[in-house]
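Printed here is work38.tsv (TSV, C-alpha atoms and all ligand atoms):
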chain	number	residue	atom	x	y	z
D	3	MET	CA	15.48	17.54	2.15
D	4	GLY	CA	15.00	19.94	5.05
D	5	ASP	CA	13.33	22.55	2.90
D	6	ARG	CA	10.97	19.96	1.44
D	7	ALA	CA	9.49	19.07	4.81
D	8	ALA	CA	6.45	20.88	6.17
D	9	VAL	CA	6.05	21.50	9.89
D	10	VAL	CA	2.41	22.25	10.71
D	11	TRP	CA	1.95	24.35	13.80
D	12	ASP	CA	0.07	27.29	15.23
D	13	SER	CA	-0.54	28.14	18.88
D	14	SER	CA	-4.28	28.04	18.16
D	15	LEU	CA	-3.90	24.23	18.16
D	16	LEU	CA	-3.52	24.55	21.94
D	17	GLY	CA	-7.28	25.17	22.02
D	18	TYR	CA	-7.83	21.41	21.96
D	19	ASP	CA	-7.90	21.37	25.76
D	20	LEU	CA	-9.93	18.77	27.62
D	21	GLY	CA	-9.48	20.82	30.78
D	22	GLY	CA	-8.78	20.36	34.45
D	23	GLU	CA	-6.70	17.35	35.38
D	24	HIS	CA	-7.30	15.58	32.06
D	25	PRO	CA	-4.10	13.81	30.99
D	26	PHE	CA	-4.37	15.08	27.39
D	27	ASN	CA	-2.96	18.48	28.36
D	28	PRO	CA	-1.95	20.81	25.51
D	29	ILE	CA	1.12	21.86	27.47
D	30	ARG	CA	2.75	18.78	25.96
D	31	LEU	CA	2.51	20.42	22.53
D	32	GLU	CA	3.63	23.83	23.71
D	33	LEU	CA	6.66	22.42	25.53
D	34	THR	CA	7.56	20.33	22.49
D	35	MET	CA	7.59	23.33	20.17
D	36	ARG	CA	9.57	25.35	22.73
D	37	LEU	CA	12.13	22.57	23.07
D	38	ALA	CA	12.43	22.01	19.32
D	39	SER	CA	12.97	25.76	18.92
D	40	ALA	CA	15.51	25.94	21.73
D	41	LEU	CA	17.46	23.09	20.15
D	42	GLY	CA	17.62	24.99	16.85
D	43	VAL	CA	15.65	22.30	15.05
D	44	LEU	CA	13.20	24.89	13.70
D	45	ASP	CA	15.78	27.51	12.67
D	46	GLY	CA	14.71	28.98	9.33
D	47	VAL	CA	11.67	26.70	9.10
D	48	GLU	CA	8.49	28.44	8.06
D	49	LEU	CA	5.69	26.90	10.10
D	50	ARG	CA	2.57	25.99	8.11
D	51	VAL	CA	-0.56	27.37	9.77
D	52	PRO	CA	-3.68	25.21	9.38
D	53	GLU	CA	-7.29	26.17	8.72
D	54	PRO	CA	-10.11	24.21	10.39
D	55	ALA	CA	-11.37	21.23	8.41
D	56	THR	CA	-14.72	21.88	6.77
D	57	GLU	CA	-17.87	19.88	7.49
D	58	SER	CA	-17.46	18.08	4.17
D	59	ASP	CA	-13.92	17.15	5.18
D	60	LEU	CA	-15.20	15.75	8.46
D	61	GLU	CA	-18.03	13.89	6.73
D	62	ARG	CA	-15.42	11.80	4.94
D	63	VAL	CA	-15.27	9.69	8.09
D	64	HIS	CA	-17.90	11.06	10.49
D	65	GLU	CA	-21.69	11.06	10.45
D	66	LEU	CA	-23.23	14.50	10.13
D	67	GLY	CA	-25.35	13.80	13.22
D	68	TYR	CA	-22.19	13.33	15.26
D	69	VAL	CA	-20.64	16.54	13.92
D	70	ARG	CA	-23.83	18.39	14.90
D	71	ALA	CA	-23.67	16.89	18.40
D	72	VAL	CA	-20.07	18.10	18.80
D	73	GLN	CA	-21.07	21.56	17.60
D	74	GLN	CA	-23.98	21.80	20.02
D	75	ALA	CA	-22.45	20.05	23.03
D	76	PRO	CA	-21.01	23.11	24.83
D	77	THR	CA	-24.32	25.03	24.72
D	78	VAL	CA	-26.98	22.43	25.45
D	79	ALA	CA	-28.05	21.22	28.85
D	80	TRP	CA	-28.96	17.67	27.91
D	81	ASP	CA	-26.79	14.62	27.42
D	82	VAL	CA	-25.68	14.71	23.78
D	83	GLY	CA	-24.48	11.11	23.69
D	84	HIS	CA	-21.92	10.05	21.06
D	85	GLY	CA	-19.31	9.43	23.77
D	86	LEU	CA	-19.29	13.13	24.64
D	87	GLY	CA	-19.45	14.47	28.19
D	88	THR	CA	-17.65	11.46	29.67
D	89	ASP	CA	-14.54	11.50	31.85
D	90	ASP	CA	-12.43	10.55	28.83
D	91	ASN	CA	-14.11	12.98	26.42
D	92	PRO	CA	-15.43	15.94	28.40
D	93	VAL	CA	-17.25	18.70	26.58
D	94	PHE	CA	-15.19	21.89	26.34
D	95	ASP	CA	-15.67	25.38	25.01
D	96	ARG	CA	-15.26	25.70	21.21
D	97	MET	CA	-14.90	21.92	21.04
D	98	HIS	CA	-15.92	21.65	17.39
D	99	ALA	CA	-13.66	24.45	16.20
D	100	ALA	CA	-10.65	23.18	18.12
D	101	SER	CA	-11.19	19.60	16.96
D	102	ALA	CA	-11.73	20.66	13.34
D	103	LEU	CA	-8.47	22.62	13.49
D	104	VAL	CA	-6.55	19.51	14.55
D	105	VAL	CA	-8.00	17.73	11.51
D	106	GLY	CA	-7.10	20.73	9.38
D	107	GLY	CA	-3.48	20.40	10.52
D	108	SER	CA	-3.14	16.83	9.33
D	109	LEU	CA	-5.04	17.67	6.14
D	110	LEU	CA	-2.65	20.53	5.46
D	111	GLY	CA	0.25	18.12	5.78
D	112	ALA	CA	-1.46	15.74	3.35
D	113	ARG	CA	-2.10	18.57	0.88
D	114	GLU	CA	1.49	19.79	1.04
D	115	ILE	CA	2.67	16.30	0.11
D	116	ALA	CA	0.02	15.69	-2.57
D	117	SER	CA	0.80	19.00	-4.26
D	118	GLY	CA	4.52	18.25	-4.30
D	119	ALA	CA	5.30	21.25	-2.09
D	120	ALA	CA	6.79	18.83	0.44
D	121	ASP	CA	7.84	15.19	0.58
D	122	ARG	CA	7.26	14.98	4.31
D	123	ALA	CA	5.02	16.74	6.80
D	124	VAL	CA	4.56	16.59	10.54
D	125	SER	CA	1.67	17.78	12.70
D	126	ILE	CA	2.23	16.87	16.33
D	127	ALA	CA	-1.28	18.04	17.29
D	128	GLY	CA	-2.76	15.24	15.16
D	129	GLY	CA	-2.94	11.51	15.76
D	130	LEU	CA	-6.43	11.33	17.29
D	131	HIS	CA	-6.75	7.72	16.19
D	132	HIS	CA	-9.57	6.56	18.50
D	133	ALA	CA	-12.37	8.79	17.17
D	134	MET	CA	-15.10	6.71	15.52
D	135	ARG	CA	-17.63	7.41	12.80
D	136	ASP	CA	-20.37	8.42	15.25
D	137	ARG	CA	-18.63	8.95	18.57
D	138	ALA	CA	-15.72	10.38	20.49
D	139	ALA	CA	-13.39	7.91	22.21
D	140	GLY	CA	-10.12	7.90	24.10
D	141	PHE	CA	-9.65	11.71	24.22
D	142	CYS	CA	-10.29	11.93	20.45
D	143	VAL	CA	-13.19	13.91	18.96
D	144	TYR	CA	-12.47	13.83	15.22
D	145	ASN	CA	-10.17	11.34	13.53
D	146	ASP	CA	-7.62	13.50	11.72
D	147	CYS	CA	-5.62	10.50	10.53
D	148	ALA	CA	-8.65	8.92	8.86
D	149	VAL	CA	-9.78	12.20	7.28
D	150	ALA	CA	-6.29	12.81	5.86
D	151	ILE	CA	-6.10	9.27	4.46
D	152	SER	CA	-9.56	9.60	2.93
D	153	TRP	CA	-8.57	12.89	1.32
D	154	LEU	CA	-5.38	11.34	-0.07
D	155	LEU	CA	-7.44	8.50	-1.60
D	156	ASP	CA	-9.38	11.12	-3.55
D	157	ASN	CA	-6.29	13.03	-4.57
D	158	GLY	CA	-4.04	10.67	-6.42
D	159	PHE	CA	-3.11	8.03	-3.87
D	160	ASP	CA	-4.31	4.44	-4.32
D	161	ARG	CA	-2.11	2.61	-1.82
D	162	ILE	CA	-1.61	4.16	1.59
D	163	ALA	CA	0.18	2.53	4.51
D	164	TYR	CA	-0.82	3.73	7.99
D	165	LEU	CA	1.63	2.81	10.74
D	166	ASP	CA	0.51	3.38	14.34
D	167	VAL	CA	3.14	3.10	17.08
D	168	ASP	CA	1.02	4.50	19.93
D	169	VAL	CA	0.75	2.20	22.97
D	170	HIS	CA	-3.00	1.89	22.30
D	171	HIS	CA	-4.61	0.12	19.35
D	172	GLY	CA	-5.33	2.43	16.40
D	173	ASP	CA	-8.94	1.29	16.42
D	174	GLY	CA	-10.64	4.30	14.82
D	175	VAL	CA	-8.39	4.29	11.77
D	176	GLN	CA	-8.64	0.52	11.44
D	177	ALA	CA	-12.44	0.75	11.58
D	178	ALA	CA	-12.59	3.51	8.98
D	179	PHE	CA	-10.71	1.43	6.39
D	180	TYR	CA	-11.42	-2.13	7.50
D	181	ASP	CA	-13.05	-2.99	4.17
D	182	ASP	CA	-10.75	-0.91	1.97
D	183	PRO	CA	-7.85	-2.81	0.39
D	184	ARG	CA	-6.23	0.49	-0.65
D	185	VAL	CA	-5.28	1.25	2.95
D	186	LEU	CA	-2.91	-1.00	4.91
D	187	THR	CA	-3.28	-0.25	8.61
D	188	VAL	CA	-0.57	-1.57	10.93
D	189	SER	CA	-0.81	-1.01	14.66
D	190	LEU	CA	1.78	-2.02	17.26
D	191	HIS	CA	0.42	-1.69	20.76
D	192	GLN	CA	0.29	-3.13	24.25
D	193	ASN	CA	-1.63	-6.42	24.27
D	194	PRO	CA	-5.32	-5.44	24.25
D	195	ALA	CA	-6.09	-8.07	26.88
D	196	THR	CA	-4.20	-5.74	29.25
D	197	LEU	CA	-5.12	-2.25	27.98
D	198	TRP	CA	-7.98	-0.12	26.68
D	199	PRO	CA	-9.62	-0.20	24.10
D	200	GLY	CA	-9.48	-4.02	24.19
D	201	THR	CA	-9.19	-4.45	20.42
D	202	GLY	CA	-6.20	-5.00	18.16
D	203	PHE	CA	-5.78	-8.75	18.29
D	204	VAL	CA	-3.86	-10.59	15.59
D	205	ASN	CA	-7.02	-12.08	14.07
D	206	GLU	CA	-8.44	-8.64	13.13
D	207	LEU	CA	-7.29	-8.90	9.52
D	208	GLY	CA	-9.69	-6.73	7.52
D	209	GLY	CA	-13.07	-7.26	5.88
D	210	ARG	CA	-13.89	-9.91	3.30
D	211	GLU	CA	-12.70	-7.78	0.38
D	212	ALA	CA	-9.65	-6.53	2.23
D	213	MET	CA	-8.21	-9.51	4.10
D	214	GLY	CA	-4.67	-8.73	5.21
D	215	SER	CA	-5.09	-4.97	5.03
D	216	SER	CA	-5.49	-4.74	8.80
D	217	VAL	CA	-2.41	-5.81	10.76
D	218	ASN	CA	-2.23	-5.90	14.54
D	219	ILE	CA	0.89	-6.53	16.58
D	220	PRO	CA	0.10	-6.90	20.30
D	221	LEU	CA	3.11	-6.60	22.56
D	222	PRO	CA	3.38	-7.85	26.14
D	223	PRO	CA	3.54	-5.30	28.99
D	224	HIS	CA	7.09	-4.15	29.84
D	225	THR	CA	8.38	-4.67	26.30
D	226	ARG	CA	11.60	-2.64	25.91
D	227	ASP	CA	13.20	-0.91	22.94
D	228	PRO	CA	15.22	-3.84	21.51
D	229	ALA	CA	12.29	-6.27	21.61
D	230	TRP	CA	9.90	-3.67	20.14
D	231	LEU	CA	12.33	-2.96	17.30
D	232	ARG	CA	12.95	-6.68	16.73
D	233	VAL	CA	9.23	-7.29	16.23
D	234	PHE	CA	8.68	-4.20	14.10
D	235	ASN	CA	11.55	-5.07	11.78
D	236	ALA	CA	10.46	-8.71	11.47
D	237	VAL	CA	7.02	-7.70	10.20
D	238	VAL	CA	6.65	-4.19	8.82
D	239	PRO	CA	9.37	-3.80	6.13
D	240	SER	CA	8.28	-7.03	4.41
D	241	LEU	CA	4.66	-5.94	4.38
D	242	LEU	CA	5.60	-2.58	2.88
D	243	SER	CA	7.72	-4.21	0.19
D	244	ALA	CA	4.72	-6.34	-0.77
D	245	PHE	CA	2.09	-3.59	-0.46
D	246	ARG	CA	4.16	-0.91	-2.26
D	247	PRO	CA	2.56	2.15	-0.63
D	248	GLN	CA	2.75	5.57	-2.28
D	249	ILE	CA	2.88	7.29	1.10
D	250	LEU	CA	3.31	6.46	4.78
D	251	VAL	CA	0.94	8.03	7.29
D	252	THR	CA	2.19	7.46	10.82
D	253	GLN	CA	0.67	7.99	14.24
D	254	CYS	CA	3.63	8.59	16.53
D	255	GLY	CA	2.18	8.37	20.04
D	256	VAL	CA	4.79	8.27	22.80
D	257	ASP	CA	2.71	6.66	25.55
D	258	THR	CA	4.86	3.55	25.01
D	259	HIS	CA	7.45	5.17	27.29
D	260	GLU	CA	8.31	3.40	30.52
D	261	GLU	CA	7.31	6.47	32.55
D	262	ASP	CA	3.95	6.97	30.86
D	263	PRO	CA	1.22	6.95	33.51
D	264	LEU	CA	-1.51	5.36	31.36
D	265	ALA	CA	0.14	2.20	30.01
D	266	ASP	CA	2.79	-0.43	30.64
D	267	LEU	CA	5.28	-0.71	27.80
D	268	SER	CA	8.88	0.17	28.68
D	269	LEU	CA	10.30	2.10	25.75
D	270	SER	CA	12.62	5.10	26.13
D	271	VAL	CA	13.19	8.42	24.41
D	272	ASP	CA	16.10	6.70	22.67
D	273	GLY	CA	13.71	4.04	21.40
D	274	HIS	CA	11.32	6.70	20.12
D	275	ARG	CA	14.16	8.42	18.29
D	276	GLU	CA	15.15	5.12	16.68
D	277	ILE	CA	11.54	4.40	15.69
D	278	TYR	CA	11.27	7.76	13.90
D	279	ARG	CA	14.54	7.18	12.07
D	280	THR	CA	13.23	3.76	11.05
D	281	LEU	CA	9.95	5.23	9.79
D	282	ARG	CA	11.86	7.79	7.74
D	283	GLY	CA	13.99	5.05	6.24
D	284	LEU	CA	10.90	3.03	5.34
D	285	ALA	CA	9.27	6.03	3.70
D	286	ASP	CA	12.40	6.64	1.66
D	287	ARG	CA	12.78	3.00	0.67
D	288	TYR	CA	9.18	1.92	0.09
D	289	ALA	CA	7.03	5.05	-0.33
D	290	GLY	CA	8.97	7.36	-2.60
D	291	GLY	CA	10.06	9.43	0.38
D	292	LYS	CA	6.50	10.54	1.17
D	293	TRP	CA	5.77	10.64	4.91
D	294	LEU	CA	2.97	12.30	6.84
D	295	ALA	CA	3.67	12.11	10.57
D	296	THR	CA	1.23	12.93	13.34
D	297	GLY	CA	1.50	12.93	17.12
D	298	GLY	CA	-0.86	10.94	19.30
D	299	GLY	CA	-0.83	9.77	22.90
D	300	GLY	CA	1.85	10.59	25.46
D	301	TYR	CA	1.12	11.65	29.03
D	302	GLN	CA	4.51	12.12	30.69
D	303	LEU	CA	4.16	15.79	29.87
D	304	LEU	CA	7.48	17.23	31.03
D	305	ARG	CA	10.08	14.48	30.86
D	306	VAL	CA	9.04	12.50	27.79
D	307	VAL	CA	6.73	14.09	25.21
D	308	PRO	CA	8.77	17.26	24.51
D	309	ARG	CA	11.99	15.35	23.98
D	310	SER	CA	10.50	12.50	21.95
D	311	TRP	CA	8.52	14.74	19.62
D	312	SER	CA	11.44	17.14	19.23
D	313	HIS	CA	13.27	14.09	17.92
D	314	LEU	CA	10.30	13.40	15.63
D	315	ILE	CA	10.30	16.91	14.17
D	316	ALA	CA	14.09	16.82	13.82
D	317	THR	CA	13.90	13.47	12.01
D	318	VAL	CA	11.28	14.74	9.57
D	319	LEU	CA	13.54	17.74	8.83
D	320	ASP	CA	16.71	15.61	8.50
D	321	ARG	CA	18.12	17.57	11.42
D	322	ASP	CA	18.63	14.61	13.73
D	323	VAL	CA	19.49	15.57	17.29
D	324	ALA	CA	22.24	13.47	18.85
D	325	PRO	CA	21.07	11.66	22.00
D	326	GLU	CA	23.80	13.19	24.18
D	327	THR	CA	22.70	16.72	23.27
D	328	ARG	CA	22.08	18.82	26.39
D	329	VAL	CA	18.55	20.03	27.04
D	330	PRO	CA	18.82	23.82	26.58
D	331	ALA	CA	18.83	25.80	29.81
D	332	ASP	CA	16.20	28.30	28.65
D	333	TRP	CA	13.73	25.46	28.07
D	334	THR	CA	14.42	24.04	31.51
D	335	ALA	CA	13.93	27.49	33.03
D	336	THR	CA	10.54	27.80	31.33
D	337	VAL	CA	9.40	24.43	32.68
D	338	ARG	CA	10.69	25.28	36.14
D	339	LYS	CA	8.19	28.14	36.29
D	340	ILE	CA	5.25	25.74	36.03
D	341	ALA	CA	6.81	22.75	37.79
D	342	PRO	CA	9.41	24.01	40.28
D	343	HIS	CA	10.10	20.60	41.79
D	344	ALA	CA	9.93	18.37	38.72
D	345	ASP	CA	12.85	16.06	38.00
D	346	LEU	CA	13.70	17.36	34.53
D	347	PRO	CA	15.91	15.62	31.98
D	348	THR	CA	19.34	17.06	31.23
D	349	THR	CA	19.98	15.42	27.87
D	350	MET	CA	17.96	14.30	24.85
D	351	SER	CA	18.51	10.67	25.86
D	352	ASP	CA	17.42	8.23	28.54
D	353	GLY	CA	20.80	6.53	28.23
D	354	ARG	CA	19.32	3.38	26.73
D	355	ASP	CA	20.95	1.16	24.13
D	356	THR	CA	18.40	0.44	21.40
D	357	ALA	CA	20.52	-2.10	19.49
D	358	PHE	CA	18.63	-5.31	18.76
D	359	ASP	CA	19.27	-8.70	17.18
D	360	PRO	CA	17.15	-9.20	14.05
D	361	TRP	CA	14.70	-12.08	14.15
D	362	GLY	CA	16.23	-15.21	12.68
D	363	GLY	CA	13.23	-17.37	11.97
D	364	GLY	CA	12.98	-19.21	15.26
D	365	LEU	CA	11.48	-18.81	18.70
D	366	ASP	CA	14.61	-17.66	20.45
D	367	ARG	CA	13.18	-14.81	22.53
D	368	PRO	CA	9.87	-14.51	24.40
D	369	VAL	CA	8.63	-11.87	21.96
D	370	ASP	CA	9.28	-14.14	18.97
D	371	ALA	CA	5.93	-15.81	19.58
D	372	VAL	CA	4.31	-12.51	18.60
D	373	ILE	CA	6.38	-12.40	15.43
D	374	ARG	CA	5.36	-15.95	14.54
D	375	ASP	CA	1.67	-15.36	15.21
D	376	VAL	CA	1.46	-12.12	13.24
D	377	ARG	CA	3.48	-13.39	10.29
D	378	ARG	CA	1.49	-16.64	10.06
D	379	ALA	CA	-1.80	-14.74	10.14
D	380	VAL	CA	-0.88	-11.96	7.72
D	381	PHE	CA	2.04	-12.86	5.48
D	382	PRO	CA	0.30	-15.48	3.30
D	383	LEU	CA	-2.35	-12.87	2.46
D	384	HIS	CA	0.45	-10.76	0.93
D	385	GLY	CA	2.23	-13.58	-0.88
D	386	LEU	CA	4.96	-13.70	1.76
D	387	ASP	CA	6.41	-16.75	3.53
D	388	PRO	CA	5.77	-16.38	7.26
D	389	ASP	CA	8.53	-18.74	8.28
D	390	ASP	CA	11.30	-17.43	6.02
D	391	PRO	CA	13.16	-14.55	7.71
D	392	ARG	CA	14.27	-13.28	4.29
D	393	ASP	CA	10.60	-12.38	3.63
L	1	ZN	ZN	-2.37	6.10	23.25
For this file, produce the structure as C-alpha cells.
Ligand SMILES: [Zn+2]
Amino acid sequence: MGDRAAVVWDSSLLGYDLGGEHPFNPIRLELTMRLASALGVLDGVELRVPEPATESDLERVHELGYVRAVQQAPTVAWDVGHGLGTDDNPVFDRMHAASALVVGGSLLGAREIASGAADRAVSIAGGLHHAMRDRAAGFCVYNDCAVAISWLLDNGFDRIAYLDVDVHHGDGVQAAFYDDPRVLTVSLHQNPATLWPGTGFVNELGGREAMGSSVNIPLPPHTRDPAWLRVFNAVVPSLLSAFRPQILVTQCGVDTHEEDPLADLSLSVDGHREIYRTLRGLADRYAGGKWLATGGGGYQLLRVVPRSWSHLIATVLDRDVAPETRVPADWTATVRKIAPHADLPTTMSDGRDTAFDPWGGGLDRPVDAVIRDVRRAVFPLHGLDPDDPRD
C-alpha cells in the first residue's frame, strides 16, 4: 500500500514557530523529516505540499471574530484576547498564515483519502487538538483535526472515529463534536487531576443527543507501555467494532514518553511504534483501511520526537523500521551541529519490551480499575457488555 499513502510535508510548515524558548519548537518536525529521509523511509515518496486553509475552512470550527483576532494580533498594540499573547500561545509573525497552513496540511490528507487518491495520509505538523472555537490554547491556534473531521463529514463520511494518544486530553476536538453522534472521540491521556488542561474525565460522555460518542481514558502518572497497551486494547477495538467508522483520524502526540519534560507518563519509543502499528491494524480491520494521522505534542526534541514520528511515517507507508535499526550517522552529525553535547540515541529503540497481557475481565492489575470504570460508563451506550472481556 506504500504508493497509496500520502505524506504531507513542506518546509514552510516550519513557520509555525512560537519562538524563543517555547517548547513547541519546529526543529522537532525538521529533525523528524531528516531522520525519516536518512532511514530511507521516504525513498521514492512524493511529498504532498499543502495550501493554507481558507477562512471558510477555518469557520467550520472557529468563530470569525477569533480568526480576525489571529490575523491582526502581530500588528496591533493592544491585548487581542482569545488566549493569544500568553506564555503558552505567544503572538508570532505571520501567525495566521502559518496556522492556516497547518490546517491545510491535515485537510490535504483528508482530501487525498476522500478522493480515493490515498487510503492513508500523515501530516506530522498537525494535531493541534487544544484549539477551541474562539480561543487559542495549549500551543494550538487553529484546530486542524476538527477542521479535517468537519470537512470529511461534508464529503461522504458519516461515521468518523478520532483517536487521540497525546499525553494531554484532546479537549478541543471533543468540544467541537460533543453533540455530534457521527464523530466518536476517544482520548487516552494522563489523569487530568494531575495534568493540564484538567478535563478528560470518564464521565465526559457526550451531549444529550450523542451520549457515548465522547470517550475518555485517564491513565495514572508513570504508566508504562504494557499497561497503556492493555488499557487501549481492552476498550478501543470493541468500541470501533460497535461504531463501525468509515475512517480513523488519529492525533499521535509523543509527549507520553518517559523523558518528555511536560508530563509524567512513562512510555518509550518502542511503545509509540507499537501504538502506530496498532492504529494501522484498527484502520485496516474496522475502517476500510482509511487512516488520517497527525502529529501533536512531544517536547523531547532530539531524543524522542524524531525517532517516534519516523516510526509513524514508516508505519503509514508500510515501511516499518525495525527497532534495532541504527540511527544513521549523517542524521546524528546534523544534530551534533546544534547540540554538541546532547546524549543522542544510537538505535530506533529504547530497548523496552512492549508485550502485555490482555485484560481478562477482572481487577488483576492496578490499571484495571481504569478499564472497569471506562467500560462501565461507555460500553452500555454502544450495546456492549462492560464486564465481558469478549466484548
Ligand atoms: Zn500534549
How close does each residue of chain D get to ligand ZN 1 (chain L), giving the shortest atom pair and distance in Å to one decimal for every residue with an atom at most 9 Å away, counting only C-alpha atoms and all ligand atoms, sorted by chain and residue number, as a tab-separated table?
residue	atom	partner	partner_atom	distance
D:Leu130	CA	L:ZN1	ZN	8.9
D:His131	CA	L:ZN1	ZN	8.5
D:His132	CA	L:ZN1	ZN	8.6
D:Gly140	CA	L:ZN1	ZN	8.0
D:Val167	CA	L:ZN1	ZN	8.8
D:Asp168	CA	L:ZN1	ZN	5.0
D:Val169	CA	L:ZN1	ZN	5.0
D:His170	CA	L:ZN1	ZN	4.4
D:His171	CA	L:ZN1	ZN	7.5
D:Gly172	CA	L:ZN1	ZN	8.3
D:His191	CA	L:ZN1	ZN	8.6
D:Gly255	CA	L:ZN1	ZN	6.0
D:Val256	CA	L:ZN1	ZN	7.5
D:Asp257	CA	L:ZN1	ZN	5.6
D:Thr258	CA	L:ZN1	ZN	7.9
D:Leu264	CA	L:ZN1	ZN	8.2
D:Ala265	CA	L:ZN1	ZN	8.2
D:Gly298	CA	L:ZN1	ZN	6.4
D:Gly299	CA	L:ZN1	ZN	4.0
D:Gly300	CA	L:ZN1	ZN	6.5
D:Tyr301	CA	L:ZN1	ZN	8.7
(request) Kindly give the distance, in Å, that separates CA of Val238 in chain D and CA of Val105 in chain D, rounded to a single decimal. (result) 26.5 Å
Report the closest atom pair, with its distance in Å rounded to one decimal, for each residue of range 179-294 of chain D that has an atom no farther than 7 Å from range 147-163 of chain D; count all atoms listed in the file, sort by chain and then rising residue number, and write it as a Markdown table.
| residue | atom | partner | partner_atom | distance |
| --- | --- | --- | --- | --- |
| D:Arg184 | CA | D:Arg161 | CA | 4.8 |
| D:Val185 | CA | D:Ile162 | CA | 4.9 |
| D:Leu186 | CA | D:Ala163 | CA | 4.7 |
| D:Thr187 | CA | D:Ala163 | CA | 6.0 |
| D:Pro247 | CA | D:Arg161 | CA | 4.8 |
| D:Gln248 | CA | D:Arg161 | CA | 5.7 |
| D:Ile249 | CA | D:Ile162 | CA | 5.5 |
| D:Leu250 | CA | D:Ala163 | CA | 5.0 |
| D:Val251 | CA | D:Ala163 | CA | 6.2 |
Which centre and which edge lengths, in Å to one decimal, describe the axis-aligned box that holds all listed atoms of range 379-384 of chain D after 5 Å is added on each side, as JSON?
{"center_x": -0.2, "center_y": -13.1, "center_z": 5.5, "size_x": 14.4, "size_y": 14.7, "size_z": 19.2}
(request) Choose the residue, out of D:Pro388, D:Asp370, D:Glu206, D:Val271, that has the smallest atom-to-atom separation from Thr349 in chain D; count all atoms listed in the file. (result)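 Among D:Pro388, D:Asp370, D:Glu206, D:Val271, it is D:Val271 that comes nearest to Thr349 in chain D.
The interatomic distance for the pair CA of His84 in chain D and CA of Met134 in chain D works out to 9.4 Å.
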